[in-house]
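S.K.: My structure is below; once you've seen it, I'll send some questions.
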Amino acid sequence: MARTTVQLLAGLGALAAAAAAGLAFVHRPWPNRLDVWGYAVLPADPSSSWAGHLVAAGSAAALIGGVAAVFVVAVLRDWVRAVACATAPVLAVLIVQDVAKPLVGRHLGITGSASFPSGTVAAVAALMTAAVLVAPRVARPLVATAGAALTAGVCAAVVVLRWHYPTDALGGVLVGMGAVLVLDALAHMPWAVAGLRHGRGSPRQVGAARRPRWA
């Protein structure tokens, strides 16, 4: 129960931070100091090959393949997590494209396209967060390290390509992570409460406790 609560609060905190940044950009959409610094550190290179390869990790094809892999890895051990972690990355992208960007209305100066938060980064951050949650416990540190590296690389790539401001990329990280953490925690909350009552924690264990002998 405590672990689920902490996860829920962490996810809500990430989403709240993204919402607060979006509200600030509604009134001050121009580049801030962090954006200026990021542009100085990562000079524009719209034809960068490494950046082009990295942003492919946030494509629709990668998203579909990623959620399918997450579901397959998790479904036998925790079907609740499998469903939540396969759904949340898609939900995160939909939130970015259909809710956040139209509401914030921040536009990149070069392309004029809506930019906050980055949907590409949100997709990658969500998939990497889901991968950490569904990975076996012994492998989670390695998966988390690889996921953080990939997410950071995609953040740098969208800035180098000048698809987004650096703060757009950070907003994508917050939305992607937050959506997965919140949805997974909410999905597990009933099982956590039931597990607290029955002295068991996982959906499989709680389900076994409630399953009739003839089922």
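Labels used: A, B, ... for chains in the order of the structure tokens, numbers from 1 for residues in each chain, and numbers from 1 for ligands as shown.
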Please list as an MDAnalysis selection string every residue within 9 Å of stretch 153-161 of chain A, counting only C-alpha atoms and excluding residues in the same chain fewer than 4 positions away.

M.R.: chainID A and resid 38:39 42:48 50:58 118 120:121 124 148:149 165:166 168:170 172:173

S.K.: Residues as selected, C-alpha atoms, written as a PDB file, in the first residue's frame, can you do that?

M.R.:
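In the end it all went to result-v6.pdb:
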```pdb
ATOM      1  CA  GLY A  38      20.145  24.743 -23.659  1.00  0.00           C
ATOM      2  CA  TYR A  39      20.326  26.214 -27.136  1.00  0.00           C
ATOM      3  CA  LEU A  42      23.214  22.129 -28.000  1.00  0.00           C
ATOM      4  CA  PRO A  43      23.728  24.105 -31.242  1.00  0.00           C
ATOM      5  CA  ALA A  44      21.165  23.716 -33.997  1.00  0.00           C
ATOM      6  CA  ASP A  45      21.799  20.959 -36.533  1.00  0.00           C
ATOM      7  CA  PRO A  46      18.578  20.085 -38.379  1.00  0.00           C
ATOM      8  CA  SER A  47      20.406  17.486 -40.479  1.00  0.00           C
ATOM      9  CA  SER A  48      22.033  15.697 -37.522  1.00  0.00           C
ATOM     10  CA  TRP A  50      22.416  10.878 -34.555  1.00  0.00           C
ATOM     11  CA  ALA A  51      19.527  13.095 -33.515  1.00  0.00           C
ATOM     12  CA  GLY A  52      17.409  11.782 -36.358  1.00  0.00           C
ATOM     13  CA  HIS A  53      18.041   8.212 -35.269  1.00  0.00           C
ATOM     14  CA  LEU A  54      17.244   8.950 -31.628  1.00  0.00           C
ATOM     15  CA  VAL A  55      13.946  10.713 -32.231  1.00  0.00           C
ATOM     16  CA  ALA A  56      12.745   7.593 -34.036  1.00  0.00           C
ATOM     17  CA  ALA A  57      12.381   6.096 -30.552  1.00  0.00           C
ATOM     18  CA  GLY A  58       9.394   8.401 -30.096  1.00  0.00           C
ATOM     19  CA  SER A 118       7.230  17.427 -26.483  1.00  0.00           C
ATOM     20  CA  THR A 120       8.248  12.635 -28.861  1.00  0.00           C
ATOM     21  CA  VAL A 121       9.917  12.884 -25.473  1.00  0.00           C
ATOM     22  CA  VAL A 124       9.927   7.748 -24.873  1.00  0.00           C
ATOM     23  CA  ALA A 148      17.254   7.428 -18.452  1.00  0.00           C
ATOM     24  CA  ALA A 149      20.098   7.548 -20.974  1.00  0.00           C
ATOM     25  CA  TYR A 165      12.813  24.229 -26.611  1.00  0.00           C
ATOM     26  CA  PRO A 166      14.678  22.446 -23.790  1.00  0.00           C
ATOM     27  CA  ASP A 168       9.418  21.496 -23.880  1.00  0.00           C
ATOM     28  CA  ALA A 169      11.544  18.367 -23.664  1.00  0.00           C
ATOM     29  CA  LEU A 170      11.513  18.458 -19.865  1.00  0.00           C
ATOM     30  CA  GLY A 172       7.518  15.767 -22.095  1.00  0.00           C
ATOM     31  CA  VAL A 173       9.525  13.821 -19.520  1.00  0.00           C
TER      32      VAL A 173
END
```

S.K.: Report, in Å to a single decimal, how far apart atom CA of A:Pro89 and atom CA of A:Leu127 are.

M.R.: 6.0 Å

S.K.: Compile the contact shell of stretch 6-15 of chain A as a list in words: residues with an atom at most 9 Å away, counting only C-alpha atoms, same-chain residues fewer than 6 positions apart removed.

M.R.: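 Skipping anything fewer than 6 positions along the chain leaves Gly171, Val173, Leu174, Val175, Gly176, Met177, Gly178, Ala179, Val180, Leu181, Val182, Leu183, Asp184, Ala185 and Leu186 of chain A.
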
S.K.: Keeping only C-alpha atoms, write those residues as a PDB file, in the first residue's frame.

M.R.:
```
ATOM      1  CA  GLY A 171       7.747  18.886 -19.952  1.00  0.00           C
ATOM      2  CA  VAL A 173       9.525  13.821 -19.520  1.00  0.00           C
ATOM      3  CA  LEU A 174       7.179  14.934 -16.736  1.00  0.00           C
ATOM      4  CA  VAL A 175       4.024  14.045 -18.648  1.00  0.00           C
ATOM      5  CA  GLY A 176       5.364  10.694 -19.850  1.00  0.00           C
ATOM      6  CA  MET A 177       6.608   9.572 -16.455  1.00  0.00           C
ATOM      7  CA  GLY A 178       3.664  11.014 -14.573  1.00  0.00           C
ATOM      8  CA  ALA A 179       1.026   9.359 -16.768  1.00  0.00           C
ATOM      9  CA  VAL A 180       2.533   5.893 -16.330  1.00  0.00           C
ATOM     10  CA  LEU A 181       3.119   6.218 -12.590  1.00  0.00           C
ATOM     11  CA  VAL A 182      -0.374   7.564 -11.918  1.00  0.00           C
ATOM     12  CA  LEU A 183      -2.274   5.094 -14.091  1.00  0.00           C
ATOM     13  CA  ASP A 184      -0.329   2.104 -12.773  1.00  0.00           C
ATOM     14  CA  ALA A 185      -0.784   3.224  -9.163  1.00  0.00           C
ATOM     15  CA  LEU A 186      -4.509   3.852  -9.599  1.00  0.00           C
TER      16      LEU A 186
END
```

S.K.: Against stretch 22-27 of chain A, which residues of stretch 42-134 of chain A fall within 7 Å? For each one I want the closest pair of atoms and the distance in Å (one decimal), counting only C-alpha atoms, rows by chain and increasing residue number, as a tab-separated table.

M.R.:
```
residue	atom	partner	partner_atom	distance
A:Val104	CA	A:Val26	CA	5.1
A:Gly105	CA	A:Val26	CA	6.5
A:Arg106	CA	A:Phe25	CA	6.5
```

S.K.: Selected residues, C-alpha atoms, written as a PDB file, in the first residue's frame, please.

M.R.:
```pdb
ATOM      1  CA  VAL A 104      -0.738  26.027 -23.619  1.00  0.00           C
ATOM      2  CA  GLY A 105      -0.387  27.431 -27.122  1.00  0.00           C
ATOM      3  CA  ARG A 106       3.386  27.780 -27.004  1.00  0.00           C
TER       4      ARG A 106
END
```

S.K.: Would you work out the distance separating atom CA of A:Leu108 from atom CA of A:Pro29, expressed in Å to one decimal?

M.R.: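 Atom CA of A:Pro29 lies at a distance of 9.1 Å from atom CA of A:Leu108.
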
S.K.: Mind pulling up the distance from atom CA of A:Ala122 to atom CA of A:Ser59?

M.R.: 10.8 Å

S.K.: I need the helix (DSSP H, G or I) residues of chain A per DSSP on the backbone, written as a PyMOL selection string.

M.R.: chain A and resi 2-27+33-41+49-58+60-75+79-104+119-134+137-160+166-198+203-210

S.K.: Which residues, written as a list in words, have at least one atom at most 9 Å from A:Val90, with only C-alpha atoms counted and residues fewer than 2 positions away on the same chain left out?

M.R.: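 Near A:Val90, the qualifying residues are Leu63, Ile64, Val67, Ala86, Thr87, Ala88, Ala92, Val93, Leu94, Ile95, Ala123 and Ala126 of chain A.
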
S.K.: Listing only residues of stretch 114-140 of chain A within 10 Å of stretch 73-84 of chain A, what is the closest atom pair and its distance in Å (to one decimal) for each, using only C-alpha atoms, sorted by chain and residue number ascending, as CSV?

M.R.:
```
residue,atom,partner,partner_atom,distance
A:Ala130,CA,A:Ala84,CA,8.7
A:Ala131,CA,A:Val73,CA,9.0
A:Leu133,CA,A:Arg81,CA,8.0
A:Val134,CA,A:Ala74,CA,5.4
A:Ala135,CA,A:Val73,CA,7.6
A:Pro136,CA,A:Ala74,CA,9.2
```

S.K.: Any chance you could export the current selection's C-alpha atoms as a CSV table (one decimal), in the first residue's frame?

M.R.:
```csv
chain,number,residue,atom,x,y,z
A,130,ALA,CA,6.7,1.4,-18.1
A,131,ALA,CA,9.7,-0.8,-18.9
A,133,LEU,CA,7.9,-1.1,-13.8
A,134,VAL,CA,7.5,-4.3,-15.7
A,135,ALA,CA,11.1,-5.4,-15.6
A,136,PRO,CA,12.1,-8.1,-13.1
```
